[in-house]
Structure formats: structure tokens, C-alpha cells
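Input: a single structure, listed below in C-alpha cells.
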Amino acid sequence: MIVLGIESSCDETTAALVKDGQTILSSVVASQISIHADFGGVVPELASREHVENICFVTEQCLKEASLTWTQVEALAVTQGPGLMGALLVGLTYAKGLAYALKIPFVGINHLEGHICSIFLDHPEAELPALSLVVSGGHTSLFYLKELGDYQELSRTRDDAAGEALDKLSKYLGLGYPGGPVIDRLAPQGDPKAVPFSIPKISDGSLDFSFSGIKTAALRYMTEHNISRLDREASDPLQDIPQEILDLLASYQSSIIDQLLHRLKQSLKGREVRSIQISGGVSCNSELRRRATDTFQQQDLAVYYPRSELTTDNAAMIAAAARLRPGASDPWSLIADPNLALSATRSAQKMEKRK
Ligand code: KG4
Ligand code: ZN
């Protein structure tokens, strides 16, 4: 079965062809980073317009790279939500049009389910039940994954996502967008213990995440230590960064990782868990990978991540997730849902099966 995946929930216009839910035949990503960089974050209206500009080219390029023709595509999988409304609408409407023209089924996929499935593209051996952490610029959610398709959300962020917190500090310091990869590169030059950030405790005892406090604490630290936004014209703007900024970045990144690992460790208690799975843009972070692997190795638990190009948004993960709904076909009336919950998708599918 050859599935064409389309993903346009945020700032990447992407298409991919995946065979039997496992083999990536081609994957094309048109990134909008340079367009949003001046603003230090994604501008929704600009993102939608760029998706409209790019989606036909990206999809055609995807077929070309796989040396396939339209008639060989057997089904379409497209991100239904969560994400930016205008951005989602472009992908969903385009996918419906294609499915209608090609007379093939289309299915709406939850973006978070896509990230979770990205792990299985390279690691079909990853054992379940698992703790599956999706950590990106828009999401920080932890699921108990009994089997693929059965997701119990254990915790989620109450405010910012981890990637958003990294992007914001980079913006405050004038280090560019997206901030995650910049901080990943600079943090090894700083002292992770220099600035004492703490892990937030939620008063009701829940294991939800929270990253807005650390953002405020970093801003306060900048004010107290007279650290202002760097204004850099240098050819490599990441050279010669003052040591106190490197220390701040290292401590900030380290504290975000502390919180992610703390919630994972606490969530292990009383549950049968055979592997830890971490996906989404932030799962590319080298310090997070090193520390998570070390931490859970001590408990004989393997930690799985997607290969780096599958950590950030891509359509291969969306096409791969479609294998969980064999033979399914969504109605033309399917609507984009910026707040689509993963559990809601699942129960809708159970209802569909019952019919
Ligand atoms: O999964 P993704 O493309 O989009 C969402 O679904 O949100 O993730 C983008 C996020 C951005 O916040 C970016 O700063 C972060 O992933 N990111 C990283 C790294 N590479 C991307 N964060 C930390 N370290 C990295 N190496
Ligand atoms: Zn994502």
C-alpha cells in the first residue's frame, strides 16, 4: 500500500510517500524558517500563505523523487490537527481535492500520533507498553502507550511547550530562530550549574509540565545581570558569545531537560513499561538524548528517538500513522481542528469501527 502523506500544521510544507507504513520512498520538506526568523516565531498568516505557494510543488517533487506517478498513490493521509487553523486548512483542503480527483481514500491524522509513529519508522522493534513523550515547539505531552493506537495521556504542558521556551530565550538574546538548535550548539560551552533554575511543582500533585516560569526566571536573570539582546553582524553570529550568556543557555537547557526526565521517571512508578520513546523537534537535542539514554539505561530501559530529520515536522510520520487505520476513509465533511485531542481521535475511530 503506497500512502501519500501531507503535513502543514505549522511552518513546514511537507509531503512524503510511504510504503506499507514502514518504508519511506521520498520525503520533501519546504521549510519556512527564513520567513519567520525576523519575527522570532511563527506568524500564522504568513505560514498559511507560504503553504498555499508551496504545497503543489512539494507534492509533485515528492512523486518525482520516488519515481512514481499519481496513479500509483493508493491513499492519502493528512494532518487534521492540532496546529494553526489556516495552515491545517491548506493541507486538508488540498488532500481532499487530490483524493477526489484520484478517487482514493483519505484519512485525517492527529499530528501527535504522527510524532509518536515516527519512532516506529526506524525502530519497529521498540517494545510496548512504553512511555511516549512528544516534545516540540507546540507540544509537550506524555502518553502511556499500551499498544499502537491506544494512547493514555498522562500529562501535558500547562503553558508553554519546551521548544517554545528554548525559542523564546534565543529570541530575547538575539540568537535567532528556531532557538532549540542554537542552544543545543552553544550549551556545551557553558556551565549547566551556573544559574540555579528549579523544576516547577504543580500544586495538585499532577505531573503536568510547565515552562513559563523558567522563561520568566531567565528574563529576570538577564535584567539583574545587565544582559541585553545581542546585536550581531558577524559572519557567524554564534561565535564569541560572552561566557555569562553561554552559562545561562547551558543552565536553561539543562533545567528543561531535568523537568522532562523528572516527569518521565515519576511516570514509570506503578506502570509496566518496556521502553521510553521521545519524539518531536526537541527530541533532536543532543544533551537530552545523552541524559535520557544514560538515565534509563540504569533501569534496563531502551530509549528510542526518531532519526534527526524525522524529529521536526514531516509528512512521513503522518503517512506512517495511516497504517493504524487500514481500509478507513474519512468523509468529505472532515474538518481541521486546531485543538484536536489524541484521545478524541481514538474514540472517534472506535465509533467508526462499531458502525
Ligand atoms: O516538531 P516541530 O518541528 O514542531 C512542532 O510540532 O512544534 O518542533 C520544532 C521545535 C522548535 O521549538 C525547535 O526549537 C525545536 O523543535 N528543536 C530543538 C532542536 N531542533 C529543533 N530543540 C532542541 N534541540 C534541538 N537540536
Ligand atoms: Zn510537530
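Ordering of the C-alpha cells sets the chain letters (A, B, ...); residue numbers start at 1 within each chain; ligands are numbered from 1 in the order shown.
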Ligand 2 neighbours within 7 Å using only C-alpha atoms and all ligand atoms, as an NGL selection string: :A and (111-112 or 115 or 136 or 138 or 280-281 or 312-313)
I need the chosen residues saved as a PDB file, in the first residue's frame, with C-alpha atoms.
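The result, stored in result-v9.pdb:
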```pdb
ATOM      1  CA  HIS A 111      -0.225  15.417  14.452  1.00  0.00           C
ATOM      2  CA  LEU A 112       0.847  13.996  17.836  1.00  0.00           C
ATOM      3  CA  HIS A 115       5.226  12.166  16.026  1.00  0.00           C
ATOM      4  CA  SER A 136       8.295  20.100  20.300  1.00  0.00           C
ATOM      5  CA  GLY A 138       3.931  23.407  20.047  1.00  0.00           C
ATOM      6  CA  GLY A 280       9.131  15.841  18.239  1.00  0.00           C
ATOM      7  CA  GLY A 281      11.543  18.646  17.328  1.00  0.00           C
ATOM      8  CA  THR A 312      10.793  18.028  13.295  1.00  0.00           C
ATOM      9  CA  ASP A 313       7.532  18.160  11.347  1.00  0.00           C
TER      10      ASP A 313
END
```
Within 7 Å of ligand 1, counting only C-alpha atoms and all ligand atoms, residues as a list in words: Cys10, Ser136, Gly137, Gly138, His139, Gly163, Glu164, Leu166, Asp167, Pro178, Gly179, Gly180, Pro181, Ile183, Asp184, Gly280, Gly281, Val282, Ser283, Cys284, Asn285, Ser286, Thr311, Thr312 and Asp313 of chain A
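From atom CA of A:Ser155 back to atom CA of A:Leu92, the distance works out to 28.2 Å.
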Do a neighbour search on A:Thr69 at 12 Å with only C-alpha atoms, toss out local chain neighbours closer than 4 positions, and write the hits as a short mmCIF file (atom, residue, chain, number, x, y, z; two decimals) with all heavy atoms, in the first residue's frame.
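Result saved to result25.cif:
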```cif
data_model
loop_
_atom_site.label_atom_id
_atom_site.label_comp_id
_atom_site.auth_asym_id
_atom_site.auth_seq_id
_atom_site.Cartn_x
_atom_site.Cartn_y
_atom_site.Cartn_z
N ILE A 2 0.73 2.12 -1.00
CA ILE A 2 1.54 3.35 -1.05
C ILE A 2 0.66 4.54 -0.61
O ILE A 2 -0.38 4.81 -1.20
CB ILE A 2 2.11 3.59 -2.45
CG1 ILE A 2 3.12 2.47 -2.75
CG2 ILE A 2 2.77 4.96 -2.55
CD1 ILE A 2 3.74 2.52 -4.12
N LEU A 4 0.36 8.60 0.35
CA LEU A 4 0.94 9.94 0.26
C LEU A 4 0.54 10.71 1.52
O LEU A 4 -0.65 10.85 1.81
CB LEU A 4 0.40 10.66 -0.99
CG LEU A 4 0.74 12.15 -1.14
CD1 LEU A 4 2.25 12.36 -1.27
CD2 LEU A 4 0.03 12.75 -2.35
N LEU A 17 6.00 9.92 0.60
CA LEU A 17 5.38 8.68 0.13
C LEU A 17 5.95 7.55 0.97
O LEU A 17 7.17 7.41 1.10
CB LEU A 17 5.69 8.46 -1.35
CG LEU A 17 4.84 9.37 -2.25
CD1 LEU A 17 5.55 9.66 -3.56
CD2 LEU A 17 3.47 8.76 -2.50
N THR A 59 4.52 18.42 -3.30
CA THR A 59 3.92 17.10 -3.56
C THR A 59 4.43 16.53 -4.88
O THR A 59 4.77 15.33 -4.98
CB THR A 59 2.38 17.21 -3.57
OG1 THR A 59 1.99 17.95 -2.41
CG2 THR A 59 1.72 15.87 -3.53
N GLU A 60 4.49 17.38 -5.90
CA GLU A 60 4.99 16.90 -7.21
C GLU A 60 6.45 16.44 -7.09
O GLU A 60 6.85 15.43 -7.65
CB GLU A 60 4.84 18.00 -8.27
CG GLU A 60 3.41 18.08 -8.77
CD GLU A 60 3.06 19.43 -9.39
OE1 GLU A 60 3.99 20.20 -9.70
OE2 GLU A 60 1.85 19.70 -9.53
N GLN A 61 7.23 17.19 -6.32
CA GLN A 61 8.64 16.85 -6.12
C GLN A 61 8.77 15.49 -5.42
O GLN A 61 9.65 14.69 -5.73
CB GLN A 61 9.30 17.96 -5.29
CG GLN A 61 10.78 17.80 -5.06
CD GLN A 61 11.59 17.91 -6.36
OE1 GLN A 61 11.11 18.46 -7.36
NE2 GLN A 61 12.80 17.37 -6.34
N CYS A 62 7.85 15.26 -4.51
CA CYS A 62 7.84 14.03 -3.73
C CYS A 62 7.60 12.82 -4.66
O CYS A 62 8.28 11.79 -4.56
CB CYS A 62 6.72 14.17 -2.70
SG CYS A 62 6.59 12.88 -1.55
N LEU A 63 6.65 12.95 -5.59
CA LEU A 63 6.39 11.87 -6.56
C LEU A 63 7.61 11.66 -7.45
O LEU A 63 8.02 10.53 -7.72
CB LEU A 63 5.20 12.25 -7.46
CG LEU A 63 3.81 12.05 -6.88
CD1 LEU A 63 2.77 12.66 -7.79
CD2 LEU A 63 3.51 10.57 -6.69
N LYS A 64 8.19 12.79 -7.88
CA LYS A 64 9.35 12.73 -8.77
C LYS A 64 10.51 11.97 -8.10
O LYS A 64 11.12 11.10 -8.69
CB LYS A 64 9.77 14.17 -9.08
CG LYS A 64 10.46 14.35 -10.41
CD LYS A 64 10.38 15.81 -10.74
CE LYS A 64 11.62 16.31 -11.42
NZ LYS A 64 11.64 17.76 -11.52
N GLU A 65 10.76 12.33 -6.84
CA GLU A 65 11.89 11.70 -6.13
C GLU A 65 11.68 10.21 -5.92
O GLU A 65 12.62 9.44 -5.82
CB GLU A 65 12.16 12.41 -4.79
CG GLU A 65 12.79 13.76 -5.03
CD GLU A 65 13.17 14.49 -3.75
OE1 GLU A 65 13.20 13.86 -2.67
OE2 GLU A 65 13.43 15.71 -3.85
N VAL A 73 -0.43 6.14 -6.35
CA VAL A 73 -0.76 6.51 -4.96
C VAL A 73 -2.10 5.86 -4.60
O VAL A 73 -3.09 6.04 -5.30
CB VAL A 73 -0.86 8.05 -4.80
CG1 VAL A 73 -1.22 8.42 -3.38
CG2 VAL A 73 0.45 8.71 -5.22
N GLU A 74 -2.11 5.10 -3.49
CA GLU A 74 -3.33 4.34 -3.17
C GLU A 74 -4.20 4.98 -2.09
O GLU A 74 -5.38 4.67 -1.96
CB GLU A 74 -2.94 2.93 -2.75
CG GLU A 74 -2.37 2.13 -3.92
CD GLU A 74 -1.64 0.90 -3.47
OE1 GLU A 74 -0.44 1.03 -3.10
OE2 GLU A 74 -2.24 -0.19 -3.46
N LEU A 102 -8.25 11.69 -7.62
CA LEU A 102 -7.61 10.38 -7.84
C LEU A 102 -8.53 9.21 -7.49
O LEU A 102 -8.18 8.05 -7.69
CB LEU A 102 -6.32 10.27 -7.01
CG LEU A 102 -5.21 11.28 -7.33
CD1 LEU A 102 -4.08 11.20 -6.29
CD2 LEU A 102 -4.64 11.03 -8.72
#
```
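Candidate residues A:Ala187, A:Leu260, A:Ala316, A:Val52 were compared for distance to A:Thr14, and the nearest is A:Ala316, using only C-alpha atoms.
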Alpha helix (DSSP H) call set, DSSP backbone run, stretch 180-343 of chain A, as an MDAnalysis selection string: chainID A and resid 180:186 212:224 243:268 286:297 316:321 342:343
A:Leu88: which residues within 9 Å, counting only C-alpha atoms, same-chain residues fewer than 6 positions away excluded, as a PDB file with N, CA, C and O atoms, in the first residue's frame?
```pdb
ATOM      1  N   GLU A   7       1.557  17.142   5.415  1.00  0.00           N
ATOM      2  CA  GLU A   7       1.583  17.754   6.758  1.00  0.00           C
ATOM      3  C   GLU A   7       1.868  19.252   6.586  1.00  0.00           C
ATOM      4  O   GLU A   7       2.868  19.632   5.969  1.00  0.00           O
ATOM      5  N   SER A   8       0.960  20.069   7.133  1.00  0.00           N
ATOM      6  CA  SER A   8       1.139  21.523   7.009  1.00  0.00           C
ATOM      7  C   SER A   8       0.592  22.218   8.260  1.00  0.00           C
ATOM      8  O   SER A   8      -0.019  23.268   8.165  1.00  0.00           O
ATOM      9  N   SER A   9       0.807  21.589   9.438  1.00  0.00           N
ATOM     10  CA  SER A   9       0.139  22.123  10.628  1.00  0.00           C
ATOM     11  C   SER A   9       0.797  23.376  11.193  1.00  0.00           C
ATOM     12  O   SER A   9       0.184  24.120  11.949  1.00  0.00           O
ATOM     13  N   CYS A  10       2.079  23.612  10.841  1.00  0.00           N
ATOM     14  CA  CYS A  10       2.766  24.770  11.412  1.00  0.00           C
ATOM     15  C   CYS A  10       3.552  25.496  10.323  1.00  0.00           C
ATOM     16  O   CYS A  10       2.952  26.111   9.449  1.00  0.00           O
ATOM     17  N   SER A  48       0.284  30.254   6.482  1.00  0.00           N
ATOM     18  CA  SER A  48      -0.771  29.761   5.578  1.00  0.00           C
ATOM     19  C   SER A  48      -0.465  30.144   4.139  1.00  0.00           C
ATOM     20  O   SER A  48      -0.591  29.334   3.227  1.00  0.00           O
ATOM     21  N   THR A  79      -2.616  15.713   7.972  1.00  0.00           N
ATOM     22  CA  THR A  79      -2.777  16.187   9.358  1.00  0.00           C
ATOM     23  C   THR A  79      -4.094  16.941   9.502  1.00  0.00           C
ATOM     24  O   THR A  79      -4.341  17.914   8.798  1.00  0.00           O
ATOM     25  N   GLN A  80      -4.907  16.481  10.459  1.00  0.00           N
ATOM     26  CA  GLN A  80      -6.204  17.139  10.723  1.00  0.00           C
ATOM     27  C   GLN A  80      -6.073  18.166  11.855  1.00  0.00           C
ATOM     28  O   GLN A  80      -6.803  19.122  11.942  1.00  0.00           O
ATOM     29  N   GLY A  81      -5.130  17.944  12.752  1.00  0.00           N
ATOM     30  CA  GLY A  81      -4.911  18.824  13.895  1.00  0.00           C
ATOM     31  C   GLY A  81      -4.060  18.084  14.908  1.00  0.00           C
ATOM     32  O   GLY A  81      -3.780  16.895  14.688  1.00  0.00           O
ATOM     33  N   PRO A  82      -3.622  18.664  15.987  1.00  0.00           N
ATOM     34  CA  PRO A  82      -3.704  20.096  16.288  1.00  0.00           C
ATOM     35  C   PRO A  82      -2.676  20.887  15.482  1.00  0.00           C
ATOM     36  O   PRO A  82      -1.777  20.303  14.896  1.00  0.00           O
ATOM     37  N   ALA A 336     -10.727  20.571   9.818  1.00  0.00           N
ATOM     38  CA  ALA A 336      -9.463  20.795  10.526  1.00  0.00           C
ATOM     39  C   ALA A 336      -9.797  21.205  11.953  1.00  0.00           C
ATOM     40  O   ALA A 336     -10.749  21.943  12.187  1.00  0.00           O
ATOM     41  N   ASP A 337      -9.009  20.693  12.914  1.00  0.00           N
ATOM     42  CA  ASP A 337      -9.286  21.018  14.312  1.00  0.00           C
ATOM     43  C   ASP A 337      -7.982  21.437  15.001  1.00  0.00           C
ATOM     44  O   ASP A 337      -7.130  20.601  15.301  1.00  0.00           O
ATOM     45  N   PRO A 338      -7.821  22.765  15.237  1.00  0.00           N
ATOM     46  CA  PRO A 338      -6.566  23.260  15.828  1.00  0.00           C
ATOM     47  C   PRO A 338      -6.275  22.675  17.202  1.00  0.00           C
ATOM     48  O   PRO A 338      -5.133  22.671  17.642  1.00  0.00           O
TER      49      PRO A 338
END
```
Near-A:Tyr144 list (7 Å; only C-alpha atoms; drop same-chain fewer than 3 positions) as a ChimeraX atom specification: /A:130-132,151-154
Given only C-alpha atoms as the counted atoms, nearest of A:Asp208, A:Gln243, A:Asn314, A:Ser308 to A:Arg263: A:Asp208
Can you tell me which residues surround A:Ala95 at a distance of at most 12 Å, considering only C-alpha atoms, apart from same-chain residues fewer than 6 positions away, and format the answer as a tab-separated table (two decimals) with all heavy atoms, in the first residue's frame?
```tsv
chain	number	residue	atom	x	y	z
A	3	VAL	N	1.09	5.19	0.47
A	3	VAL	CA	0.31	6.29	1.04
A	3	VAL	C	1.08	7.60	0.84
A	3	VAL	O	2.28	7.68	1.13
A	3	VAL	CB	0.04	6.07	2.55
A	3	VAL	CG1	-0.67	7.27	3.17
A	3	VAL	CG2	-0.78	4.80	2.76
A	4	LEU	N	0.36	8.60	0.35
A	4	LEU	CA	0.94	9.94	0.26
A	4	LEU	C	0.54	10.71	1.52
A	4	LEU	O	-0.65	10.85	1.81
A	4	LEU	CB	0.40	10.66	-0.99
A	4	LEU	CG	0.74	12.15	-1.14
A	4	LEU	CD1	2.25	12.36	-1.27
A	4	LEU	CD2	0.03	12.75	-2.35
A	5	GLY	N	1.52	11.16	2.27
A	5	GLY	CA	1.25	11.93	3.48
A	5	GLY	C	1.42	13.41	3.21
A	5	GLY	O	2.31	13.80	2.43
A	6	ILE	N	0.58	14.22	3.82
A	6	ILE	CA	0.69	15.68	3.69
A	6	ILE	C	0.60	16.29	5.09
A	6	ILE	O	-0.30	15.95	5.85
A	6	ILE	CB	-0.43	16.23	2.80
A	6	ILE	CG1	-0.25	15.62	1.41
A	6	ILE	CG2	-0.44	17.77	2.78
A	6	ILE	CD1	-0.87	16.28	0.27
A	7	GLU	N	1.56	17.14	5.42
A	7	GLU	CA	1.58	17.75	6.76
A	7	GLU	C	1.87	19.25	6.59
A	7	GLU	O	2.87	19.63	5.97
A	7	GLU	CB	2.66	17.04	7.59
A	7	GLU	CG	3.38	17.86	8.64
A	7	GLU	CD	2.55	18.39	9.77
A	7	GLU	OE1	1.68	17.69	10.28
A	7	GLU	OE2	2.78	19.57	10.15
A	8	SER	N	0.96	20.07	7.13
A	8	SER	CA	1.14	21.52	7.01
A	8	SER	C	0.59	22.22	8.26
A	8	SER	O	-0.02	23.27	8.17
A	8	SER	CB	0.39	22.04	5.77
A	8	SER	OG	-1.01	21.93	5.97
A	15	ALA	N	5.51	16.74	2.23
A	15	ALA	CA	4.80	15.61	1.61
A	15	ALA	C	5.76	14.42	1.64
A	15	ALA	O	6.99	14.60	1.58
A	15	ALA	CB	4.41	15.93	0.18
A	55	ILE	N	2.59	24.01	-1.67
A	55	ILE	CA	2.09	22.63	-1.50
A	55	ILE	C	2.09	21.82	-2.80
A	55	ILE	O	2.44	20.64	-2.80
A	55	ILE	CB	0.73	22.61	-0.78
A	55	ILE	CG1	0.49	21.22	-0.21
A	55	ILE	CG2	-0.42	23.07	-1.67
A	55	ILE	CD1	-0.40	21.18	0.98
A	56	CYS	N	1.75	22.44	-3.92
A	56	CYS	CA	1.72	21.68	-5.19
A	56	CYS	C	3.13	21.25	-5.56
A	56	CYS	O	3.39	20.08	-5.87
A	56	CYS	CB	1.12	22.52	-6.32
A	56	CYS	SG	-0.58	22.93	-6.04
A	59	THR	N	4.52	18.42	-3.30
A	59	THR	CA	3.92	17.10	-3.56
A	59	THR	C	4.43	16.53	-4.88
A	59	THR	O	4.77	15.33	-4.98
A	59	THR	CB	2.38	17.21	-3.57
A	59	THR	OG1	1.99	17.95	-2.41
A	59	THR	CG2	1.72	15.87	-3.53
A	75	ALA	N	-3.61	5.83	-1.27
A	75	ALA	CA	-4.39	6.51	-0.22
A	75	ALA	C	-3.66	7.77	0.21
A	75	ALA	O	-2.45	7.91	0.00
A	75	ALA	CB	-4.59	5.59	0.98
A	76	LEU	N	-4.41	8.68	0.82
A	76	LEU	CA	-3.83	9.94	1.30
A	76	LEU	C	-4.00	10.05	2.80
A	76	LEU	O	-5.05	9.69	3.34
A	76	LEU	CB	-4.60	11.10	0.67
A	76	LEU	CG	-3.98	11.66	-0.60
A	76	LEU	CD1	-5.03	12.24	-1.49
A	76	LEU	CD2	-2.99	12.75	-0.18
A	77	ALA	N	-2.97	10.51	3.48
A	77	ALA	CA	-3.06	10.76	4.92
A	77	ALA	C	-2.68	12.21	5.15
A	77	ALA	O	-1.65	12.67	4.61
A	77	ALA	CB	-2.11	9.85	5.67
A	78	VAL	N	-3.47	12.93	5.89
A	78	VAL	CA	-3.21	14.36	6.05
A	78	VAL	C	-3.43	14.78	7.50
A	78	VAL	O	-4.31	14.24	8.18
A	78	VAL	CB	-4.12	15.18	5.08
A	78	VAL	CG1	-5.58	14.89	5.30
A	78	VAL	CG2	-3.85	16.67	5.21
A	79	THR	N	-2.62	15.71	7.97
A	79	THR	CA	-2.78	16.19	9.36
A	79	THR	C	-4.09	16.94	9.50
A	79	THR	O	-4.34	17.91	8.80
A	79	THR	CB	-1.61	17.11	9.75
A	79	THR	OG1	-0.39	16.43	9.51
A	79	THR	CG2	-1.70	17.52	11.20
A	80	GLN	N	-4.91	16.48	10.46
A	80	GLN	CA	-6.20	17.14	10.72
A	80	GLN	C	-6.07	18.17	11.86
A	80	GLN	O	-6.80	19.12	11.94
A	80	GLN	CB	-7.23	16.06	11.11
A	80	GLN	CG	-8.63	16.60	11.33
A	80	GLN	CD	-9.54	15.60	12.01
A	80	GLN	OE1	-9.15	14.45	12.25
A	80	GLN	NE2	-10.74	16.03	12.34
A	88	LEU	N	-3.46	24.31	8.73
A	88	LEU	CA	-4.08	22.98	8.61
A	88	LEU	C	-5.04	22.94	7.42
A	88	LEU	O	-5.09	21.95	6.67
A	88	LEU	CB	-4.88	22.65	9.88
A	88	LEU	CG	-4.09	22.35	11.15
A	88	LEU	CD1	-5.01	22.39	12.37
A	88	LEU	CD2	-3.41	20.98	11.05
A	89	LEU	N	-5.79	24.04	7.27
A	89	LEU	CA	-6.81	24.08	6.20
A	89	LEU	C	-6.18	23.90	4.82
A	89	LEU	O	-6.77	23.26	3.96
A	89	LEU	CB	-7.54	25.43	6.24
A	89	LEU	CG	-8.76	25.49	7.14
A	89	LEU	CD1	-9.32	26.91	7.16
A	89	LEU	CD2	-9.84	24.51	6.68
A	101	ALA	N	-9.95	13.76	-6.90
A	101	ALA	CA	-9.51	13.65	-8.29
A	101	ALA	C	-8.96	12.24	-8.59
A	101	ALA	O	-9.21	11.69	-9.66
A	101	ALA	CB	-8.45	14.70	-8.58
A	102	LEU	N	-8.25	11.69	-7.62
A	102	LEU	CA	-7.61	10.38	-7.84
A	102	LEU	C	-8.53	9.21	-7.49
A	102	LEU	O	-8.18	8.05	-7.69
A	102	LEU	CB	-6.32	10.27	-7.01
A	102	LEU	CG	-5.21	11.28	-7.33
A	102	LEU	CD1	-4.08	11.20	-6.29
A	102	LEU	CD2	-4.64	11.03	-8.72
A	103	LYS	N	-9.69	9.54	-6.91
A	103	LYS	CA	-10.67	8.52	-6.48
A	103	LYS	C	-10.03	7.51	-5.51
A	103	LYS	O	-10.14	6.29	-5.66
A	103	LYS	CB	-11.26	7.79	-7.69
A	103	LYS	CG	-12.04	8.70	-8.62
A	103	LYS	CD	-12.77	7.89	-9.67
A	103	LYS	CE	-13.67	8.73	-10.55
A	103	LYS	NZ	-13.02	9.84	-11.24
A	104	ILE	N	-9.33	8.06	-4.51
A	104	ILE	CA	-8.72	7.22	-3.48
A	104	ILE	C	-9.16	7.71	-2.10
A	104	ILE	O	-9.58	8.88	-1.97
A	104	ILE	CB	-7.16	7.23	-3.57
A	104	ILE	CG1	-6.61	8.67	-3.50
A	104	ILE	CG2	-6.67	6.52	-4.83
A	104	ILE	CD1	-5.10	8.75	-3.44
A	105	PRO	N	-9.08	6.86	-1.08
A	105	PRO	CA	-9.50	7.30	0.26
A	105	PRO	C	-8.51	8.29	0.88
A	105	PRO	O	-7.33	8.28	0.53
A	105	PRO	CB	-9.53	6.02	1.07
A	105	PRO	CG	-8.69	5.05	0.33
A	105	PRO	CD	-8.65	5.46	-1.11
A	106	PHE	N	-9.01	9.12	1.78
A	106	PHE	CA	-8.10	9.96	2.56
A	106	PHE	C	-8.45	9.83	4.04
A	106	PHE	O	-9.61	9.60	4.39
A	106	PHE	CB	-8.12	11.43	2.10
A	106	PHE	CG	-9.20	12.26	2.73
A	106	PHE	CD1	-8.93	13.07	3.82
A	106	PHE	CD2	-10.50	12.22	2.24
A	106	PHE	CE1	-9.93	13.84	4.42
A	106	PHE	CE2	-11.51	12.98	2.82
A	106	PHE	CZ	-11.21	13.78	3.91
A	107	VAL	N	-7.43	9.92	4.90
A	107	VAL	CA	-7.69	9.86	6.34
A	107	VAL	C	-7.02	11.05	7.02
A	107	VAL	O	-5.90	11.44	6.67
A	107	VAL	CB	-7.17	8.56	7.01
A	107	VAL	CG1	-8.06	7.38	6.68
A	107	VAL	CG2	-5.74	8.26	6.64
A	108	GLY	N	-7.71	11.62	8.01
A	108	GLY	CA	-7.15	12.71	8.81
A	108	GLY	C	-6.37	12.09	9.96
A	108	GLY	O	-6.82	11.15	10.61
A	109	ILE	N	-5.17	12.62	10.19
A	109	ILE	CA	-4.29	12.05	11.23
A	109	ILE	C	-4.01	13.12	12.28
A	109	ILE	O	-3.83	14.30	11.95
A	109	ILE	CB	-2.94	11.62	10.58
A	109	ILE	CG1	-3.16	10.56	9.49
A	109	ILE	CG2	-1.94	11.13	11.63
A	109	ILE	CD1	-3.60	9.19	9.97
A	330	ASP	N	-12.07	8.81	5.52
A	330	ASP	CA	-12.81	9.85	6.22
A	330	ASP	C	-13.78	10.54	5.27
A	330	ASP	O	-13.56	10.59	4.06
A	330	ASP	CB	-11.82	10.87	6.83
A	330	ASP	CG	-11.33	10.40	8.20
A	330	ASP	OD1	-12.12	9.75	8.91
A	330	ASP	OD2	-10.17	10.65	8.54
A	332	TRP	N	-15.90	13.63	3.37
A	332	TRP	CA	-15.50	14.93	2.83
A	332	TRP	C	-15.73	16.03	3.86
A	332	TRP	O	-15.13	17.09	3.82
A	332	TRP	CB	-16.28	15.27	1.55
A	332	TRP	CG	-16.04	14.27	0.46
A	332	TRP	CD1	-16.98	13.46	-0.12
A	332	TRP	CD2	-14.79	13.94	-0.17
A	332	TRP	NE1	-16.38	12.65	-1.07
A	332	TRP	CE2	-15.05	12.93	-1.12
A	332	TRP	CE3	-13.48	14.39	-0.03
A	332	TRP	CZ2	-14.06	12.37	-1.91
A	332	TRP	CZ3	-12.48	13.84	-0.82
A	332	TRP	CH2	-12.77	12.85	-1.74
A	334	LEU	N	-14.93	16.08	6.91
A	334	LEU	CA	-13.91	16.14	7.98
A	334	LEU	C	-13.35	17.57	8.07
A	334	LEU	O	-12.95	18.15	7.06
A	334	LEU	CB	-12.76	15.16	7.67
A	334	LEU	CG	-11.76	15.01	8.82
A	334	LEU	CD1	-12.25	13.98	9.83
A	334	LEU	CD2	-10.38	14.58	8.30
A	336	ALA	N	-10.73	20.57	9.82
A	336	ALA	CA	-9.46	20.79	10.53
A	336	ALA	C	-9.80	21.21	11.95
A	336	ALA	O	-10.75	21.94	12.19
A	336	ALA	CB	-8.68	21.90	9.83
```
7 Å contact set for stretch 304-306 of chain A, only C-alpha atoms, chain neighbours under 5 positions out, as a PyMOL selection string: chain A and resi 118-119+122+276-279+283+311
Dump of C-alpha atoms for the selected residues, as a compact mmCIF listing (two decimals), in the first residue's frame:
```txt
# COMPACT_ATOMS: atom_id res chain seq x y z
CA SER A 118 7.88 8.50 13.67
CA ILE A 119 9.78 6.30 16.15
CA ASP A 122 13.24 3.29 12.21
CA ILE A 276 10.91 5.03 26.61
CA GLN A 277 10.15 6.87 23.37
CA ILE A 278 10.90 10.56 22.77
CA SER A 279 9.79 12.32 19.59
CA SER A 283 13.97 15.12 20.73
CA THR A 311 12.10 14.74 14.70
```
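When only C-alpha atoms are used to measure the gap to A:Val273, the shortest distance among A:Ala322, A:Leu288, A:Ala126, A:Leu84 belongs to A:Ala126.
Take the candidates A:Val303, A:Leu261, A:Leu175, A:Met85 and check each one against A:Pro237 using only C-alpha atoms; the shortest distance goes to A:Leu175.
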